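Notes follow once the structure below has been shown.
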Protein chains: 2
Amino acid sequence: MNEARPVTRIQQKNRATILDAALDVFSLRGFGGATVDQIAATAGLSKPNLLYYFPTKEAIYEALLGGLLDTWLDPLRAMKPSGEPLPEILAYVQRKLEMSRDFPRESRLFANEIIQGAPLIESELSGALRSLVDEKAEIINKWADEGRIARVDPHHLFFSIWSLTQHYADFDVQVRAVLGEGVDDPFPEAEIYLTTLFTRMLTPS
Amino acid sequence: MNEARPVTRIQQKNRATILDAALDVFSLRGFGGATVDQIAATAGLSKPNLLYYFPTKEAIYEALLGGLLDTWLDPLRAMKPSGEPLPEILAYVQRKLEMSRDFPRESRLFANEIIQGAPLIESELSGALRSLVDEKAEIINKWADEGRIARVDPHHLFFSIWSLTQHYADFDVQVRAVLGEGVDDPFPEAEIYLTTLFTRMLTPS
DNA sequence: TATCTTTTTGACCATATGGTCAAAGCGACG
DNA sequence: CGTCGCTTTGACCATATGGTCAAAAAGATA
């Protein structure tokens with residue numbers, strides 16, 4: 001019973017290679033726009049060989065998306081009611097911004113999925129995501145009750161954190177086009193700006 | 001020389017129908033994921049008939065995208081240096097939010113294009129878009145110089161306006177999933193939240 | 001080295017897809 | 001009513017695409 005899946009070295013390596021290549025392709029073209037041949041070529045494998053590791057194109061996509069939402073929410077999970085309100089929130093913003101900087105492909109994959117109606121993860125959105133957000137929204141409300149931050153709609157606060165941080169990954173091309181050649185890394189300025197924004201908005205008057 | 005294109009009633013109607021159907025399909029599936037058959041079916045036309053009005057799938061896509069950026073920027077153009085700073089900016093935010101509410105498909109089409117690297121409009125991004133933004137950034141800076149708003153990075157200010165407002169169109173599914181069944185229109189609350197956010201951030205301390 | 005399992009591949013298949021074309025249908029106008 | 005130009009369509013085509021399969025190649029194991 002020990003080897004239901006005989007995960008060999010080769011399998012581990014090739015699965016990882018395939019998923020990495022698929023992330024490249026899916027995040028750039030979306031599910032429908034991606035082809036198995038493109039993924040196989042990017043991975044440096046023949047198409048039948050790729051299909052030896054994953055039975056279908058859907059299976060690759062699902063493997064990528066599975067757990068992505070979880071990873072995406074880890075920074076929010078880390079927001080503790082015991083901490084100081086503003087630093088906790090700013091830390092969350094910063095972690096999300098770091099994810100946009102370090103994992104832009106994952107962000108774009110996620111964005112693509114949502115824009116296209118989240119056919120695969122809608123249940124998770126209204127399940128796990130929603131309950132986590134509701135739970136954390138309570139914390140925000142409690143902090144506001146205590147006068148430790150200004151009162152804001154907690155759900156829209158989270159929306160704003162998501163959109164502001166993910167924008168730098170998803171709309172990277174636009175950001176760079178607008179900032180021009182002179183700016184090769186928008187993230188340091190983004191961090192300053194977002195810190196200012198949330199500090200000013202949440203500091204009790 | 002009056003009728004280089006003999007735009008008949010039928011042509012006008014069918015072109016409009018096709019573009020509307022194409023907007024449905026492209027905004028939901030992206031360029032690569034959309035098929036001519038889907039568009040034709042949505043438009044209620046046969047495929048050859050559709051291709052009588054637009055020579056290729058690309059042509060339909062380009063027709064949709066052409067001018068979309070322009071329309072998208074109109075609210076920004078309306079921001080006048082002669083007005084009161086905060087109301088001008090809040091009006092811009094509100095107009096953008098209204099566009100997300102009233103034209104979500106256009107917003108998603110645009111988002112798809114950018115996420116996928118903006119192959120078609122990158123030149124416009126670093127051309128027309130960039131110069132308009134630079135011009136309006138000057139105004140923001142001037143207002144800050146005069147102490148009429150708090151100082152912020154104007155480019156990132158625009159990024160934040162775009163991302164916050166478009167989020168409600170592009171990530172609509174997620175927004176609704178998180179807010180739950182009880183909320184059928186997130187926009188009124190969004191407007192309040194965004195007004196609060198930008199007011200608090202931009203009001204001079 | 002011989003054997004057994006895992007991995008890789010060339011050849012192949014059915015269907016989907018973007019696009020063409022000649023011919024038929026239709027509507028305005030003299 | 002007949003003609004002429006615009007519109008529509010069924011049939012068709014080449015290529016792309018997701019996926020299969022039997023057999024060869026390459027490891028692992030004894």
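All residue names refer to the structure tokens as shown: chains lettered A, B, ... in order, residues numbered from 1 in each chain, ligands numbered from 1 in order.
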Residues of region 76-127 of chain B in helix (DSSP H, G or I), written as number ranges by chain: B: 76-77, 85-102, 104-115, 122-127
Mind writing the picked residues with N, CA, C and O atoms as a compact mmCIF listing (two decimals), in the first residue's frame?
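Written out: selection.txt:
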```txt
# COMPACT_ATOMS: atom_id res chain seq x y z
N LEU B 76 -10.68 60.41 -18.20
CA LEU B 76 -9.45 61.06 -17.76
C LEU B 76 -9.26 62.40 -18.46
O LEU B 76 -8.85 63.39 -17.87
N ARG B 77 -9.59 62.40 -19.76
CA ARG B 77 -9.48 63.65 -20.53
C ARG B 77 -10.32 64.75 -19.88
O ARG B 77 -9.98 65.93 -19.92
N PRO B 85 -9.47 70.38 -7.07
CA PRO B 85 -8.73 69.13 -7.16
C PRO B 85 -9.50 67.89 -6.72
O PRO B 85 -9.72 66.97 -7.52
N LEU B 86 -9.90 67.85 -5.47
CA LEU B 86 -10.52 66.62 -4.98
C LEU B 86 -11.80 66.26 -5.74
O LEU B 86 -11.95 65.11 -6.18
N PRO B 87 -12.71 67.21 -5.96
CA PRO B 87 -13.91 66.86 -6.74
C PRO B 87 -13.57 66.39 -8.15
O PRO B 87 -14.23 65.46 -8.67
N GLU B 88 -12.58 66.98 -8.78
CA GLU B 88 -12.19 66.53 -10.12
C GLU B 88 -11.76 65.07 -10.09
O GLU B 88 -12.16 64.26 -10.93
N ILE B 89 -10.93 64.73 -9.12
CA ILE B 89 -10.42 63.36 -9.03
C ILE B 89 -11.54 62.39 -8.67
O ILE B 89 -11.69 61.32 -9.26
N LEU B 90 -12.38 62.80 -7.73
CA LEU B 90 -13.49 61.92 -7.34
C LEU B 90 -14.46 61.72 -8.51
O LEU B 90 -15.01 60.63 -8.68
N ALA B 91 -14.64 62.77 -9.29
CA ALA B 91 -15.52 62.63 -10.45
C ALA B 91 -14.93 61.63 -11.44
O ALA B 91 -15.65 60.82 -12.04
N TYR B 92 -13.63 61.70 -11.59
CA TYR B 92 -12.97 60.74 -12.48
C TYR B 92 -13.18 59.31 -11.97
O TYR B 92 -13.54 58.41 -12.73
N VAL B 93 -12.97 59.12 -10.68
CA VAL B 93 -13.18 57.79 -10.09
C VAL B 93 -14.60 57.32 -10.34
O VAL B 93 -14.84 56.18 -10.76
N GLN B 94 -15.54 58.22 -10.12
CA GLN B 94 -16.93 57.83 -10.28
C GLN B 94 -17.27 57.48 -11.72
O GLN B 94 -17.97 56.50 -11.99
N ARG B 95 -16.75 58.27 -12.65
CA ARG B 95 -17.00 57.95 -14.06
C ARG B 95 -16.41 56.61 -14.44
O ARG B 95 -17.03 55.82 -15.16
N LYS B 96 -15.22 56.35 -13.94
CA LYS B 96 -14.61 55.05 -14.23
C LYS B 96 -15.43 53.91 -13.61
O LYS B 96 -15.60 52.85 -14.23
N LEU B 97 -15.92 54.14 -12.42
CA LEU B 97 -16.73 53.09 -11.78
C LEU B 97 -18.02 52.86 -12.55
O LEU B 97 -18.46 51.71 -12.72
N GLU B 98 -18.59 53.95 -13.04
CA GLU B 98 -19.80 53.80 -13.84
C GLU B 98 -19.53 53.00 -15.11
O GLU B 98 -20.35 52.20 -15.55
N MET B 99 -18.37 53.22 -15.69
CA MET B 99 -18.04 52.45 -16.89
C MET B 99 -17.91 50.97 -16.58
O MET B 99 -18.32 50.12 -17.36
N SER B 100 -17.34 50.67 -15.42
CA SER B 100 -17.24 49.25 -15.02
C SER B 100 -18.63 48.65 -14.85
O SER B 100 -18.86 47.49 -15.17
N ARG B 101 -19.54 49.45 -14.33
CA ARG B 101 -20.89 48.96 -14.10
C ARG B 101 -21.66 48.82 -15.41
O ARG B 101 -22.34 47.82 -15.63
N ASP B 102 -21.49 49.81 -16.28
CA ASP B 102 -22.31 49.82 -17.49
C ASP B 102 -21.68 49.10 -18.68
O ASP B 102 -22.38 48.70 -19.60
N PRO B 104 -19.19 46.27 -18.55
CA PRO B 104 -18.25 45.28 -18.00
C PRO B 104 -17.58 44.44 -19.08
O PRO B 104 -16.42 44.06 -18.93
N ARG B 105 -18.29 44.18 -20.15
CA ARG B 105 -17.67 43.37 -21.21
C ARG B 105 -16.48 44.09 -21.82
O ARG B 105 -15.43 43.50 -22.07
N GLU B 106 -16.64 45.37 -22.06
CA GLU B 106 -15.53 46.14 -22.61
C GLU B 106 -14.34 46.12 -21.66
O GLU B 106 -13.19 46.01 -22.08
N SER B 107 -14.64 46.24 -20.37
CA SER B 107 -13.56 46.22 -19.39
C SER B 107 -12.83 44.89 -19.41
O SER B 107 -11.59 44.85 -19.40
N ARG B 108 -13.59 43.82 -19.50
CA ARG B 108 -12.95 42.50 -19.52
C ARG B 108 -12.17 42.27 -20.81
O ARG B 108 -11.10 41.65 -20.79
N LEU B 109 -12.71 42.77 -21.90
CA LEU B 109 -11.97 42.64 -23.16
C LEU B 109 -10.62 43.33 -23.04
O LEU B 109 -9.57 42.78 -23.42
N PHE B 110 -10.65 44.51 -22.49
CA PHE B 110 -9.43 45.29 -22.30
C PHE B 110 -8.48 44.55 -21.36
O PHE B 110 -7.28 44.40 -21.65
N ALA B 111 -9.02 44.05 -20.26
CA ALA B 111 -8.18 43.33 -19.29
C ALA B 111 -7.54 42.11 -19.95
O ALA B 111 -6.34 41.86 -19.78
N ASN B 112 -8.32 41.36 -20.67
CA ASN B 112 -7.77 40.21 -21.38
C ASN B 112 -6.61 40.61 -22.28
O ASN B 112 -5.56 39.97 -22.28
N GLU B 113 -6.81 41.66 -23.04
CA GLU B 113 -5.77 42.12 -23.97
C GLU B 113 -4.49 42.48 -23.23
O GLU B 113 -3.40 42.10 -23.64
N ILE B 114 -4.63 43.20 -22.13
CA ILE B 114 -3.44 43.61 -21.38
C ILE B 114 -2.76 42.41 -20.73
O ILE B 114 -1.54 42.25 -20.81
N ILE B 115 -3.55 41.58 -20.08
CA ILE B 115 -2.97 40.42 -19.41
C ILE B 115 -2.19 39.56 -20.40
O ILE B 115 -1.15 39.01 -20.08
N GLU B 122 -0.03 47.71 -27.65
CA GLU B 122 1.10 48.15 -26.86
C GLU B 122 1.61 49.51 -27.34
O GLU B 122 1.99 50.36 -26.53
N SER B 123 1.58 49.72 -28.65
CA SER B 123 2.09 51.00 -29.16
C SER B 123 1.23 52.15 -28.66
O SER B 123 1.74 53.22 -28.29
N GLU B 124 -0.09 51.93 -28.61
CA GLU B 124 -0.96 52.98 -28.09
C GLU B 124 -0.72 53.23 -26.61
O GLU B 124 -0.83 54.36 -26.13
N LEU B 125 -0.43 52.13 -25.89
CA LEU B 125 -0.18 52.28 -24.46
C LEU B 125 1.00 53.20 -24.21
O LEU B 125 0.94 54.11 -23.38
N SER B 126 2.09 52.95 -24.92
CA SER B 126 3.28 53.76 -24.67
C SER B 126 3.26 55.03 -25.51
O SER B 126 4.21 55.82 -25.46
N GLY B 127 2.20 55.23 -26.30
CA GLY B 127 2.08 56.46 -27.07
C GLY B 127 1.01 57.36 -26.48
O GLY B 127 1.26 58.12 -25.56
```
Compile a residue-level contact table for chain B against chain D at a cut-off of 8 Å, reporting for every qualifying residue the shortest atom pair and its distance in Å to one decimal, with only C-alpha atoms (C1' of nucleotides) counted, rows ordered by chain and ascending number, as JSON lines.
```
{"residue": "B:Ser46", "atom": "CA", "partner": "D:DT9", "partner_atom": "C1'", "distance": 7.7}
{"residue": "B:Pro48", "atom": "CA", "partner": "D:DT9", "partner_atom": "C1'", "distance": 7.4}
{"residue": "B:Asn49", "atom": "CA", "partner": "D:DT8", "partner_atom": "C1'", "distance": 6.2}
```
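Using only C-alpha atoms, one finds that the residues of chain B close to chain A, at 6 Å or less, are B:Leu28, B:Arg29, B:Gly32, B:Gly33, B:Ile114, B:Ile115, B:Gln116, B:Leu125, B:Ser126, B:Arg130, B:Ser160, B:Ser163, B:Leu164, B:Asp170, B:Phe171, B:Ala177, B:Val178, B:Leu197, B:Arg200, B:Met201.
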Could you write out that same residue set with C-alpha atoms as a JSON list (two decimals), in the first residue's frame?
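The file below, out_34.json, is the result:
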```
[["chain", "number", "residue", "atom", "x", "y", "z"],
["B", 28, "LEU", "CA", -15.43, 35.85, -21.89],
["B", 29, "ARG", "CA", -12.91, 33.62, -23.67],
["B", 32, "GLY", "CA", -7.45, 32.71, -28.65],
["B", 33, "GLY", "CA", -10.28, 30.99, -26.84],
["B", 114, "ILE", "CA", -3.44, 43.61, -21.38],
["B", 115, "ILE", "CA", -2.97, 40.42, -19.41],
["B", 116, "GLN", "CA", -2.03, 38.64, -22.60],
["B", 125, "LEU", "CA", -0.18, 52.28, -24.46],
["B", 126, "SER", "CA", 3.28, 53.76, -24.67],
["B", 130, "ARG", "CA", 1.41, 57.53, -21.80],
["B", 160, "SER", "CA", -4.94, 52.75, -8.32],
["B", 163, "SER", "CA", -7.37, 48.91, -10.78],
["B", 164, "LEU", "CA", -9.92, 49.74, -8.08],
["B", 170, "ASP", "CA", -13.21, 42.21, -14.31],
["B", 171, "PHE", "CA", -13.49, 40.27, -11.05],
["B", 177, "ALA", "CA", -19.04, 35.19, -4.53],
["B", 178, "VAL", "CA", -17.44, 36.94, -1.56],
["B", 197, "LEU", "CA", -10.59, 56.03, 0.19],
["B", 200, "ARG", "CA", -8.87, 60.32, 3.00],
["B", 201, "MET", "CA", -5.77, 59.77, 0.94]]
```
Residues of chain C no more than 10 Å from chain B, counting only C-alpha atoms (C1' of nucleotides): send them over as a VMD selection string. chain C and resid 16 to 20
Nearest-residue call for Leu64 (chain B), choices B:Val7, B:Met79, B:Ala144, B:Ala21, using only C-alpha atoms: B:Ala21
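The smallest atom-to-atom distance between DA28 (chain C) and any of B:Asp184, B:Leu65, B:Thr8, B:Ile39, using only C-alpha atoms (C1' of nucleotides), is found for B:Thr8.
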